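Q: Okay, so here is my_file_34.cif, and as you'll see once you scroll down, it has mmCIF, C-alpha atoms.
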```cif
data_start
#
loop_
_atom_site.group_PDB
_atom_site.id
_atom_site.type_symbol
_atom_site.label_atom_id
_atom_site.label_comp_id
_atom_site.auth_asym_id
_atom_site.auth_seq_id
_atom_site.Cartn_x
_atom_site.Cartn_y
_atom_site.Cartn_z
ATOM 1 C CA MET U 6 -1.926 35.855 2.407
ATOM 2 C CA ASP U 7 0.663 35.930 -0.368
ATOM 3 C CA LEU U 8 0.560 32.562 -2.145
ATOM 4 C CA ASN U 9 4.357 32.604 -2.272
ATOM 5 C CA LEU U 10 4.395 32.416 1.519
ATOM 6 C CA LEU U 11 2.499 29.145 1.320
ATOM 7 C CA ARG U 12 4.950 27.764 -1.239
ATOM 8 C CA VAL U 13 7.899 28.617 0.981
ATOM 9 C CA LEU U 14 6.111 27.175 4.017
ATOM 10 C CA ASP U 15 5.409 23.966 2.107
ATOM 11 C CA ALA U 16 9.059 23.639 1.071
ATOM 12 C CA LEU U 17 10.270 24.295 4.617
ATOM 13 C CA LEU U 18 7.912 21.766 6.140
ATOM 14 C CA GLN U 19 8.859 19.134 3.558
ATOM 15 C CA GLU U 20 12.617 19.699 3.823
ATOM 16 C CA ASN U 21 13.030 20.799 7.486
ATOM 17 C CA SER U 22 15.952 22.870 6.239
ATOM 18 C CA VAL U 23 16.285 26.468 5.081
ATOM 19 C CA THR U 24 19.112 25.551 2.697
ATOM 20 C CA ARG U 25 17.315 22.609 1.081
ATOM 21 C CA ALA U 26 14.073 24.589 0.857
ATOM 22 C CA ALA U 27 15.958 27.349 -0.954
ATOM 23 C CA GLU U 28 17.407 24.822 -3.407
ATOM 24 C CA ARG U 29 13.960 23.378 -3.999
ATOM 25 C CA LEU U 30 12.507 26.842 -4.659
ATOM 26 C CA GLY U 31 15.452 28.091 -6.723
ATOM 27 C CA THR U 32 16.204 31.010 -4.402
ATOM 28 C CA SER U 33 18.733 31.922 -1.729
ATOM 29 C CA PRO U 34 18.832 30.708 1.899
ATOM 30 C CA ALA U 35 18.746 34.344 3.017
ATOM 31 C CA ALA U 36 15.474 34.933 1.172
ATOM 32 C CA VAL U 37 13.946 31.792 2.677
ATOM 33 C CA SER U 38 15.119 32.833 6.156
ATOM 34 C CA ARG U 39 13.403 36.218 5.765
ATOM 35 C CA THR U 40 10.210 34.509 4.617
ATOM 36 C CA LEU U 41 10.399 32.083 7.546
ATOM 37 C CA ALA U 42 10.549 35.068 9.890
ATOM 38 C CA ARG U 43 7.386 36.487 8.256
ATOM 39 C CA LEU U 44 5.664 33.112 8.549
ATOM 40 C CA ARG U 45 6.561 32.839 12.220
ATOM 41 C CA ARG U 46 5.006 36.239 12.891
ATOM 42 C CA ALA U 47 1.897 35.410 10.856
ATOM 43 C CA VAL U 48 1.332 32.003 12.449
ATOM 44 C CA GLY U 49 2.489 32.929 15.943
ATOM 45 C CA ASP U 50 4.669 29.824 16.133
ATOM 46 C CA PRO U 51 8.381 29.156 15.466
ATOM 47 C CA LEU U 52 7.424 26.373 13.023
ATOM 48 C CA LEU U 53 10.993 25.012 12.759
ATOM 49 C CA VAL U 54 13.399 24.929 15.705
ATOM 50 C CA ARG U 55 17.059 24.040 15.917
ATOM 51 C CA ALA U 56 17.878 20.455 17.005
ATOM 52 C CA GLY U 57 21.600 19.703 16.900
ATOM 53 C CA GLN U 58 22.850 20.252 13.360
ATOM 54 C CA GLY U 59 19.361 20.256 11.867
ATOM 55 C CA MET U 60 15.871 21.620 12.383
ATOM 56 C CA VAL U 61 12.670 19.880 13.474
ATOM 57 C CA PRO U 62 9.050 20.969 13.022
ATOM 58 C CA THR U 63 6.922 22.086 15.960
ATOM 59 C CA PRO U 64 3.567 20.399 16.665
ATOM 60 C CA ARG U 65 1.830 23.334 14.976
ATOM 61 C CA ALA U 66 4.015 22.866 11.892
ATOM 62 C CA LEU U 67 3.079 19.195 11.720
ATOM 63 C CA GLU U 68 -0.600 20.183 11.813
ATOM 64 C CA LEU U 69 -0.078 22.633 8.971
ATOM 65 C CA ARG U 70 2.051 20.441 6.723
ATOM 66 C CA ASP U 71 -0.721 18.422 5.109
ATOM 67 C CA GLU U 72 -3.157 21.357 5.029
ATOM 68 C CA VAL U 73 -0.646 23.508 3.166
ATOM 69 C CA GLY U 74 -0.025 20.762 0.615
ATOM 70 C CA VAL U 75 -3.748 20.407 -0.070
ATOM 71 C CA LEU U 76 -4.206 24.188 -0.352
ATOM 72 C CA LEU U 77 -1.376 24.483 -2.874
ATOM 73 C CA SER U 78 -2.754 21.589 -4.878
ATOM 74 C CA HIS U 79 -6.149 23.270 -5.046
ATOM 75 C CA CYS U 80 -4.569 26.593 -6.012
ATOM 76 C CA ASP U 81 -2.565 24.926 -8.772
ATOM 77 C CA ASN U 82 -5.740 23.294 -10.090
ATOM 78 C CA VAL U 83 -7.508 26.653 -10.137
ATOM 79 C CA LEU U 84 -4.635 28.403 -11.924
ATOM 80 C CA ARG U 85 -3.824 25.562 -14.322
ATOM 81 C CA PRO U 86 -4.648 26.270 -17.994
ATOM 82 C CA GLY U 87 -7.966 24.871 -19.137
ATOM 83 C CA ALA U 88 -6.508 21.991 -21.167
ATOM 84 C CA GLY U 89 -7.600 18.668 -19.711
ATOM 85 C CA PHE U 90 -5.341 16.032 -18.208
ATOM 86 C CA ASP U 91 -3.442 13.962 -20.782
ATOM 87 C CA ALA U 92 -1.809 10.801 -19.470
ATOM 88 C CA ALA U 93 0.287 10.509 -22.633
ATOM 89 C CA HIS U 94 2.401 13.474 -21.489
ATOM 90 C CA LEU U 95 2.627 12.480 -17.812
ATOM 91 C CA GLN U 96 6.202 12.009 -16.550
ATOM 92 C CA ARG U 97 6.026 10.476 -13.102
ATOM 93 C CA THR U 98 6.898 7.493 -10.924
ATOM 94 C CA PHE U 99 4.202 5.928 -8.748
ATOM 95 C CA THR U 100 5.077 3.748 -5.769
ATOM 96 C CA VAL U 101 2.749 0.947 -4.636
ATOM 97 C CA GLN U 102 3.120 -1.015 -1.413
ATOM 98 C CA ALA U 103 1.565 -4.481 -1.500
ATOM 99 C CA ALA U 104 2.115 -8.143 -0.707
ATOM 100 C CA ASP U 105 3.978 -10.185 -3.293
ATOM 101 C CA LEU U 106 0.934 -12.405 -3.852
ATOM 102 C CA LEU U 107 -1.152 -9.428 -5.006
ATOM 103 C CA LEU U 108 1.613 -8.089 -7.213
ATOM 104 C CA ALA U 109 2.103 -11.436 -8.924
ATOM 105 C CA GLY U 110 -1.534 -11.359 -10.014
ATOM 106 C CA LEU U 111 -1.810 -7.795 -11.261
ATOM 107 C CA ALA U 112 1.605 -6.217 -11.881
ATOM 108 C CA GLY U 113 1.887 -7.396 -15.478
ATOM 109 C CA ALA U 114 -1.549 -6.211 -16.575
ATOM 110 C CA LEU U 115 -1.160 -2.943 -14.654
ATOM 111 C CA THR U 116 2.196 -2.019 -16.176
ATOM 112 C CA ASP U 117 1.016 -2.944 -19.677
ATOM 113 C CA GLN U 118 -2.021 -0.657 -19.305
ATOM 114 C CA VAL U 119 -0.037 2.159 -17.721
ATOM 115 C CA HIS U 120 2.651 2.112 -20.400
ATOM 116 C CA ALA U 121 0.064 1.929 -23.179
ATOM 117 C CA GLU U 122 -1.573 5.142 -21.953
ATOM 118 C CA ALA U 123 1.396 6.891 -20.341
ATOM 119 C CA PRO U 124 4.704 5.648 -21.787
ATOM 120 C CA GLN U 125 6.748 7.952 -19.529
ATOM 121 C CA VAL U 126 5.212 6.722 -16.268
ATOM 122 C CA ASP U 127 7.150 4.217 -14.153
ATOM 123 C CA VAL U 128 5.819 2.043 -11.321
ATOM 124 C CA VAL U 129 7.805 0.964 -8.254
ATOM 125 C CA PHE U 130 6.436 -1.884 -6.119
ATOM 126 C CA LEU U 131 7.478 -2.078 -2.476
ATOM 127 C CA PRO U 132 6.901 -4.849 0.092
ATOM 128 C CA GLU U 133 4.613 -4.312 3.072
ATOM 129 C CA ALA U 134 7.261 -2.721 5.256
ATOM 130 C CA LEU U 135 5.725 0.643 6.192
ATOM 131 C CA GLU U 136 2.051 -0.058 6.813
ATOM 132 C CA GLY U 137 -0.421 2.071 8.719
ATOM 133 C CA GLY U 138 -0.135 5.518 7.143
ATOM 134 C CA PRO U 139 3.313 7.077 7.871
ATOM 135 C CA ALA U 140 4.666 6.111 4.455
ATOM 136 C CA LEU U 141 1.603 7.629 2.785
ATOM 137 C CA ARG U 142 1.794 10.727 4.950
ATOM 138 C CA GLN U 143 5.488 11.257 4.238
ATOM 139 C CA GLY U 144 5.069 10.635 0.516
ATOM 140 C CA TRP U 145 7.311 7.560 0.442
ATOM 141 C CA VAL U 146 4.398 5.512 -0.939
ATOM 142 C CA ASP U 147 1.649 6.682 -3.304
ATOM 143 C CA VAL U 148 -0.797 3.823 -2.747
ATOM 144 C CA GLU U 149 -1.022 1.059 -0.170
ATOM 145 C CA LEU U 150 -2.804 -2.006 -1.536
ATOM 146 C CA GLY U 151 -4.126 -5.029 0.328
ATOM 147 C CA VAL U 152 -6.042 -5.816 3.493
ATOM 148 C CA LEU U 153 -5.874 -2.409 5.118
ATOM 149 C CA GLY U 154 -5.168 -2.341 8.821
ATOM 150 C CA ARG U 155 -5.263 0.602 11.185
ATOM 151 C CA LEU U 156 -4.498 3.750 9.215
ATOM 152 C CA ALA U 157 -3.873 7.347 10.188
ATOM 153 C CA PRO U 158 -7.227 9.178 10.495
ATOM 154 C CA GLU U 159 -6.720 11.376 7.453
ATOM 155 C CA ILE U 160 -5.904 8.533 5.040
ATOM 156 C CA ARG U 161 -8.443 7.953 2.237
ATOM 157 C CA THR U 162 -9.450 4.415 1.316
ATOM 158 C CA GLN U 163 -11.414 2.580 -1.360
ATOM 159 C CA GLN U 164 -12.616 -1.009 -1.057
ATOM 160 C CA LEU U 165 -11.950 -2.957 -4.252
ATOM 161 C CA THR U 166 -13.051 -6.549 -3.780
ATOM 162 C CA ARG U 167 -13.834 -9.156 -1.139
ATOM 163 C CA THR U 168 -12.181 -12.555 -0.991
ATOM 164 C CA THR U 169 -11.451 -15.402 1.421
ATOM 165 C CA LEU U 170 -8.470 -17.413 2.556
ATOM 166 C CA VAL U 171 -8.103 -20.961 1.266
ATOM 167 C CA GLY U 172 -5.623 -23.703 1.974
ATOM 168 C CA ILE U 173 -3.063 -24.751 -0.600
ATOM 169 C CA ALA U 174 -0.963 -27.898 -0.835
ATOM 170 C CA ARG U 175 0.705 -30.085 -3.462
ATOM 171 C CA SER U 176 -1.794 -32.009 -5.556
ATOM 172 C CA GLY U 177 -0.675 -35.371 -4.144
ATOM 173 C CA HIS U 178 -0.934 -34.314 -0.500
ATOM 174 C CA PRO U 179 -2.564 -36.950 1.772
ATOM 175 C CA LEU U 180 -5.128 -34.329 2.852
ATOM 176 C CA PHE U 181 -6.867 -34.751 -0.495
ATOM 177 C CA ASP U 182 -7.439 -38.472 0.156
ATOM 178 C CA GLY U 183 -10.577 -37.686 2.175
ATOM 179 C CA ARG U 184 -12.889 -34.935 3.359
ATOM 180 C CA ILE U 185 -10.910 -32.081 4.852
ATOM 181 C CA ASP U 186 -12.510 -31.229 8.178
ATOM 182 C CA ALA U 187 -11.141 -29.041 10.957
ATOM 183 C CA ARG U 188 -9.435 -31.939 12.741
ATOM 184 C CA ARG U 189 -7.572 -33.173 9.632
ATOM 185 C CA PHE U 190 -6.707 -29.590 8.704
ATOM 186 C CA ALA U 191 -5.231 -28.962 12.166
ATOM 187 C CA ALA U 192 -3.309 -32.241 12.093
ATOM 188 C CA ALA U 193 -1.324 -31.213 9.014
ATOM 189 C CA ASP U 194 1.962 -29.340 9.382
ATOM 190 C CA HIS U 195 1.582 -25.729 8.280
ATOM 191 C CA ILE U 196 3.590 -22.901 6.769
ATOM 192 C CA GLY U 197 3.192 -19.559 8.507
ATOM 193 C CA ILE U 198 3.546 -16.389 6.438
ATOM 194 C CA SER U 199 4.811 -13.377 8.365
ATOM 195 C CA ARG U 200 7.424 -10.712 7.721
ATOM 196 C CA LEU U 201 7.892 -10.460 11.491
ATOM 197 C CA GLY U 202 8.110 -14.175 12.162
ATOM 198 C CA LYS U 203 4.721 -14.442 13.902
ATOM 199 C CA ARG U 204 3.449 -17.988 14.359
ATOM 200 C CA LEU U 205 -0.142 -17.340 15.468
ATOM 201 C CA GLY U 206 -3.043 -15.660 13.685
ATOM 202 C CA PRO U 207 -6.794 -15.879 12.955
ATOM 203 C CA ILE U 208 -6.495 -19.527 11.896
ATOM 204 C CA ASP U 209 -5.115 -20.449 15.305
ATOM 205 C CA SER U 210 -7.858 -18.493 17.102
ATOM 206 C CA ALA U 211 -10.563 -20.276 15.097
ATOM 207 C CA LEU U 212 -8.989 -23.669 15.808
ATOM 208 C CA ALA U 213 -8.714 -22.866 19.515
ATOM 209 C CA GLU U 214 -12.467 -22.266 19.658
ATOM 210 C CA LEU U 215 -12.868 -25.895 18.546
ATOM 211 C CA GLY U 216 -10.301 -27.140 21.036
ATOM 212 C CA LEU U 217 -7.753 -27.753 18.277
ATOM 213 C CA ARG U 218 -4.197 -26.612 17.604
ATOM 214 C CA ARG U 219 -2.037 -26.754 14.519
ATOM 215 C CA ARG U 220 1.712 -26.981 14.217
ATOM 216 C CA THR U 221 3.322 -24.156 12.279
ATOM 217 C CA ALA U 222 6.455 -26.011 11.299
ATOM 218 C CA VAL U 223 7.970 -23.220 9.178
ATOM 219 C CA VAL U 224 7.484 -19.446 9.002
ATOM 220 C CA VAL U 225 8.435 -17.636 5.795
ATOM 221 C CA PRO U 226 8.229 -13.920 4.935
ATOM 222 C CA SER U 227 6.230 -14.103 1.712
ATOM 223 C CA HIS U 228 3.406 -15.932 -0.032
ATOM 224 C CA THR U 229 5.666 -16.764 -2.968
ATOM 225 C CA SER U 230 8.147 -18.642 -0.793
ATOM 226 C CA ALA U 231 5.240 -20.395 0.962
ATOM 227 C CA MET U 232 3.912 -21.666 -2.378
ATOM 228 C CA MET U 233 7.356 -22.899 -3.422
ATOM 229 C CA LEU U 234 7.758 -24.711 -0.109
ATOM 230 C CA ALA U 235 4.269 -26.244 -0.293
ATOM 231 C CA ARG U 236 5.084 -27.510 -3.787
ATOM 232 C CA ASP U 237 8.118 -29.460 -2.542
ATOM 233 C CA THR U 238 6.860 -30.733 0.840
ATOM 234 C CA ASP U 239 3.789 -31.997 2.670
ATOM 235 C CA LEU U 240 3.366 -28.642 4.386
ATOM 236 C CA VAL U 241 0.109 -26.725 3.995
ATOM 237 C CA ALA U 242 0.002 -22.983 3.258
ATOM 238 C CA LEU U 243 -2.654 -20.312 2.866
ATOM 239 C CA THR U 244 -3.515 -18.190 -0.144
ATOM 240 C CA LEU U 245 -6.333 -16.075 -1.546
ATOM 241 C CA ALA U 246 -9.308 -17.786 -3.129
ATOM 242 C CA ASP U 247 -9.390 -17.633 -6.950
ATOM 243 C CA TRP U 248 -6.092 -15.757 -7.129
ATOM 244 C CA LEU U 249 -3.380 -16.896 -9.564
ATOM 245 C CA PRO U 250 -5.214 -20.091 -10.616
ATOM 246 C CA ASP U 251 -2.880 -20.698 -13.572
ATOM 247 C CA THR U 252 0.214 -20.336 -11.393
ATOM 248 C CA THR U 253 -1.266 -22.633 -8.762
ATOM 249 C CA SER U 254 -1.941 -25.319 -11.367
ATOM 250 C CA ALA U 255 1.441 -24.903 -13.059
ATOM 251 C CA LEU U 256 3.215 -25.418 -9.730
ATOM 252 C CA GLY U 257 1.335 -28.652 -9.134
ATOM 253 C CA LEU U 258 -0.619 -27.120 -6.244
ATOM 254 C CA ARG U 259 -4.267 -27.432 -5.341
ATOM 255 C CA THR U 260 -6.457 -25.231 -3.156
ATOM 256 C CA PHE U 261 -9.195 -26.263 -0.747
ATOM 257 C CA PRO U 262 -11.722 -24.444 1.474
ATOM 258 C CA ILE U 263 -10.550 -23.961 5.041
ATOM 259 C CA PRO U 264 -13.040 -25.818 7.296
ATOM 260 C CA LEU U 265 -13.316 -22.959 9.783
ATOM 261 C CA ASP U 266 -15.580 -19.972 10.312
ATOM 262 C CA LEU U 267 -13.307 -17.178 9.063
ATOM 263 C CA ALA U 268 -14.223 -13.599 8.230
ATOM 264 C CA PRO U 269 -13.857 -12.583 4.574
ATOM 265 C CA LEU U 270 -10.977 -10.362 3.542
ATOM 266 C CA ASP U 271 -11.589 -6.921 2.055
ATOM 267 C CA LEU U 272 -8.928 -5.840 -0.411
ATOM 268 C CA GLY U 273 -8.647 -2.106 -0.823
ATOM 269 C CA MET U 274 -6.274 0.727 -1.517
ATOM 270 C CA ALA U 275 -5.280 3.728 0.586
ATOM 271 C CA TRP U 276 -3.689 7.060 -0.257
ATOM 272 C CA HIS U 277 -3.040 10.426 1.347
ATOM 273 C CA PRO U 278 -5.687 13.131 0.836
ATOM 274 C CA ARG U 279 -3.169 15.561 -0.632
ATOM 275 C CA ASN U 280 -3.267 13.338 -3.744
ATOM 276 C CA SER U 281 -7.037 12.931 -3.932
ATOM 277 C CA SER U 282 -7.605 15.702 -6.453
ATOM 278 C CA ASP U 283 -4.355 15.304 -8.343
ATOM 279 C CA PRO U 284 -5.371 14.184 -11.866
ATOM 280 C CA GLY U 285 -2.278 12.030 -12.420
ATOM 281 C CA HIS U 286 -2.625 10.263 -9.098
ATOM 282 C CA ARG U 287 -6.356 9.776 -9.661
ATOM 283 C CA TRP U 288 -5.662 8.322 -13.109
ATOM 284 C CA PHE U 289 -3.140 5.882 -11.626
ATOM 285 C CA ARG U 290 -5.520 4.822 -8.824
ATOM 286 C CA ASP U 291 -8.186 4.082 -11.417
ATOM 287 C CA ARG U 292 -5.780 1.871 -13.380
ATOM 288 C CA LEU U 293 -4.663 0.074 -10.214
ATOM 289 C CA ALA U 294 -8.252 -0.568 -9.123
ATOM 290 C CA ALA U 295 -9.132 -1.892 -12.573
ATOM 291 C CA ALA U 296 -6.140 -4.276 -12.507
ATOM 292 C CA VAL U 297 -7.199 -5.697 -9.127
ATOM 293 C CA LEU U 298 -10.802 -6.210 -10.228
ATOM 294 C CA THR U 299 -9.739 -7.792 -13.519
ATOM 295 C CA ALA U 300 -7.438 -10.244 -11.738
ATOM 296 C CA ALA U 301 -10.186 -11.151 -9.256
ATOM 297 C CA ARG U 302 -12.789 -11.717 -12.003
ATOM 298 C CA ARG U 303 -10.365 -13.778 -14.052
ATOM 299 C CA GLY U 304 -9.714 -16.060 -11.103
ATOM 300 C CA ARG U 305 -13.425 -16.553 -10.372
ATOM 301 C CA ARG U 306 -14.093 -17.641 -13.967
ATOM 302 C CA ARG U 307 -11.631 -20.527 -13.702
#
```
Would you mind writing the file's structure down as structure tokens?
A:
Amino acid sequence: MDLNLLRVLDALLQENSVTRAAERLGTSPAAVSRTLARLRRAVGDPLLVRAGQGMVPTPRALELRDEVGVLLSHCDNVLRPGAGFDAAHLQRTFTVQAADLLLAGLAGALTDQVHAEAPQVDVVFLPEALEGGPALRQGWVDVELGVLGRLAPEIRTQQLTRTTLVGIARSGHPLFDGRIDARRFAAADHIGISRLGKRLGPIDSALAELGLRRRTAVVVPSHTSAMMLARDTDLVALTLADWLPDTTSALGLRTFPIPLDLAPLDLGMAWHPRNSSDPGHRWFRDRLAAAVLTAARRGRRR
């Protein structure tokens, strides 16, 4: 098949519009329409169908979209001149989705390293608003970082480090006046951390197995706001073990082991397979992984 057909197909499936695909390819809508007709005959499927004022892909088109992107990437790699990848000349923006707690521990070191090697590369950090794979599949996010939940089957992942949850409270909290067991832990008023306002989680399940319940007096959307609130009240929050030790100390906070049988947390990153072989994306993933591991090691040494 003519490689140009694949390029037109890729543009059509990304844009869902003959006009926008033509603009992307630098050609005319009429030329793209003729190529779409050839593609429909070759594939035996309409690929894009009219829906109101726009066009939507058929199920077959959705199956082909990612495959076509990977094929074109491989073809470009084959046809690319032999000169190796040079980050110094990379002009690109990478988007990372992660919790604010993770970003606070690694964003500075990551951006310093990225800009030292690739001064024309920018990094955009997004909150955990589009988890599970659609954002990666659609290209809205380059890398998802954190405790990875259920992902689309094609998504690639890499485990980076393992950690645990710990409790965190102001240094003068009455909890620190004695041994913190499950009963005293449950008796304290807690801060829940949830973007969706959820009040229950693994902590509550573990307490229930012991016949205990805690009161989640406040729910906030981020770890940063939870730490600020714990600093100014007698509320107890949760955080990652050995993460941001200097910040914790500077805020007058203190961590403690949670007296429950909780599973460890695996921190990893996820990306779409169309980017697996892309040298720029691979370079950025390597720098992101290194920043996470450096932050984790630094915390453990404290």
Q: Pick out the residues sitting within 9 Å of range 72-78 of chain U, and hand them over as a ChimeraX atom specification; count only C-alpha atoms, and ignore anything fewer than 5 positions along from it in its own chain.
A: /U:8,11-12,14-15,83,278-280,282-283
Q: Residues of range 49-166 of chain U that have any atom at most 10 Å from an atom of range 242-249 of chain U: could you tabulate them with the shortest-distance atom pair and the distance in Å to one decimal, using all atoms listed in the file, ordered by chain and increasing number, as a tab-separated table?
A:
```
residue	atom	partner	partner_atom	distance
U:Leu106	CA	U:Thr244	CA	8.2
U:Leu107	CA	U:Trp248	CA	8.3
U:Ala109	CA	U:Leu249	CA	7.8
U:Gly110	CA	U:Leu249	CA	5.9
U:Leu111	CA	U:Leu249	CA	9.4
```
Q: Which residue, U:Leu298, U:Val146, U:Leu212, U:Leu267, has the smallest gap to His286 in chain U when you use only C-alpha atoms?
A: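 Checking each of U:Leu298, U:Val146, U:Leu212, U:Leu267 against His286 in chain U, counting only C-alpha atoms, the winner is U:Val146.
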Q: Decode the PyMOL selection byres ((chain U and resi 289) around 10) for the given file into explicit residues and return them as an MDAnalysis selection string.
A: chainID U and resid 92 99 115 119 123 126 128 147:148 284:288 290:295
Q: Tell me which of U:Arg97, U:Val241, U:Pro179, U:Gly154 sits closest to Gly197 in chain U, counting all atoms listed in the file.
A: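 Residue with the minimum atom-to-atom distance to Gly197 in chain U: U:Val241.
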Q: Find the residues near Leu215 in chain U: any atom within 12 Å, counting all atoms listed in the file, skip ones fewer than 5 places away on the same chain, and give them as a list in words.
A: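 Result of the neighbour search: Asp186, Ala187, Arg188, Ala191, Ile208, Asp209, Ser210, Pro264, Leu265 and Asp266 of chain U.
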Q: For Ser33 in chain U, please output as a PyMOL selection string all residues within 8 Å (counting all atoms listed in the file; exclusion window: fewer than 5 positions along the same chain).
A: chain U and resi 24+27-28
Q: Deliver the residues from the most recent selection as a file, using C-alpha atoms, as a short mmCIF file (atom, residue, chain, number, x, y, z; two decimals), keeping the file's coordinate frame.
A:
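What landed in again.cif:
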```
data_model
loop_
_atom_site.label_atom_id
_atom_site.label_comp_id
_atom_site.auth_asym_id
_atom_site.auth_seq_id
_atom_site.Cartn_x
_atom_site.Cartn_y
_atom_site.Cartn_z
CA THR U 24 19.11 25.55 2.70
CA ALA U 27 15.96 27.35 -0.95
CA GLU U 28 17.41 24.82 -3.41
#
```
Q: I need the residue set behind the PyMOL selection byres ((chain U and resi 131) around 12) for this file; please write it as a ChimeraX atom specification.
A: /U:99-105,107-108,112,128-130,132-136,140,145-150
Q: Can you measure CA of Lys203 in chain U to CA of Ala275 in chain U for me? One decimal in Å is fine.
A: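 The value is 24.6 Å.
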Q: In Å, rounded to a single decimal, give me how far CA of Arg259 in chain U is from CA of Gln164 in chain U.
A: 28.0 Å
Q: Using all atoms listed in the file, which of U:Val152, U:Leu67, U:Leu240, U:Ala174 sits nearest His195 in chain U?
A: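 Selected residue with least distance to His195 in chain U: U:Leu240.
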Q: I'd like the interatomic distance between CA of Gly172 in chain U and CA of Thr116 in chain U, to a tenth of an Å.
A: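 Pair CA of Gly172 in chain U / CA of Thr116 in chain U returns 29.3 Å.
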Q: If we count all atoms listed in the file and set the cut-off at 12 Å, which residues sit around Ser176 in chain U, ignoring sequence neighbours fewer than 2 positions away in its own chain? Please answer as a PDB file with C-alpha atoms, in the coordinates of the input.
A:
```
ATOM      1  CA  GLY U 172      -5.623 -23.703   1.974  1.00  0.00           C
ATOM      2  CA  ILE U 173      -3.063 -24.751  -0.600  1.00  0.00           C
ATOM      3  CA  ALA U 174      -0.963 -27.898  -0.835  1.00  0.00           C
ATOM      4  CA  HIS U 178      -0.934 -34.314  -0.500  1.00  0.00           C
ATOM      5  CA  PRO U 179      -2.564 -36.950   1.772  1.00  0.00           C
ATOM      6  CA  LEU U 180      -5.128 -34.329   2.852  1.00  0.00           C
ATOM      7  CA  PHE U 181      -6.867 -34.751  -0.495  1.00  0.00           C
ATOM      8  CA  ASP U 182      -7.439 -38.472   0.156  1.00  0.00           C
ATOM      9  CA  ALA U 235       4.269 -26.244  -0.293  1.00  0.00           C
ATOM     10  CA  ARG U 236       5.084 -27.510  -3.787  1.00  0.00           C
ATOM     11  CA  ASP U 237       8.118 -29.460  -2.542  1.00  0.00           C
ATOM     12  CA  THR U 238       6.860 -30.733   0.840  1.00  0.00           C
ATOM     13  CA  ASP U 239       3.789 -31.997   2.670  1.00  0.00           C
ATOM     14  CA  LEU U 240       3.366 -28.642   4.386  1.00  0.00           C
ATOM     15  CA  VAL U 241       0.109 -26.725   3.995  1.00  0.00           C
ATOM     16  CA  THR U 253      -1.266 -22.633  -8.762  1.00  0.00           C
ATOM     17  CA  SER U 254      -1.941 -25.319 -11.367  1.00  0.00           C
ATOM     18  CA  ALA U 255       1.441 -24.903 -13.059  1.00  0.00           C
ATOM     19  CA  LEU U 256       3.215 -25.418  -9.730  1.00  0.00           C
ATOM     20  CA  GLY U 257       1.335 -28.652  -9.134  1.00  0.00           C
ATOM     21  CA  LEU U 258      -0.619 -27.120  -6.244  1.00  0.00           C
ATOM     22  CA  ARG U 259      -4.267 -27.432  -5.341  1.00  0.00           C
ATOM     23  CA  THR U 260      -6.457 -25.231  -3.156  1.00  0.00           C
ATOM     24  CA  PHE U 261      -9.195 -26.263  -0.747  1.00  0.00           C
TER      25      PHE U 261
END
```
Q: Could you check which of U:Leu17, U:Ala222, U:Leu44, U:Ile185 is closest to Gly202 in chain U, using all atoms listed in the file?
A: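 Distance minimum relative to Gly202 in chain U lands on U:Ala222.
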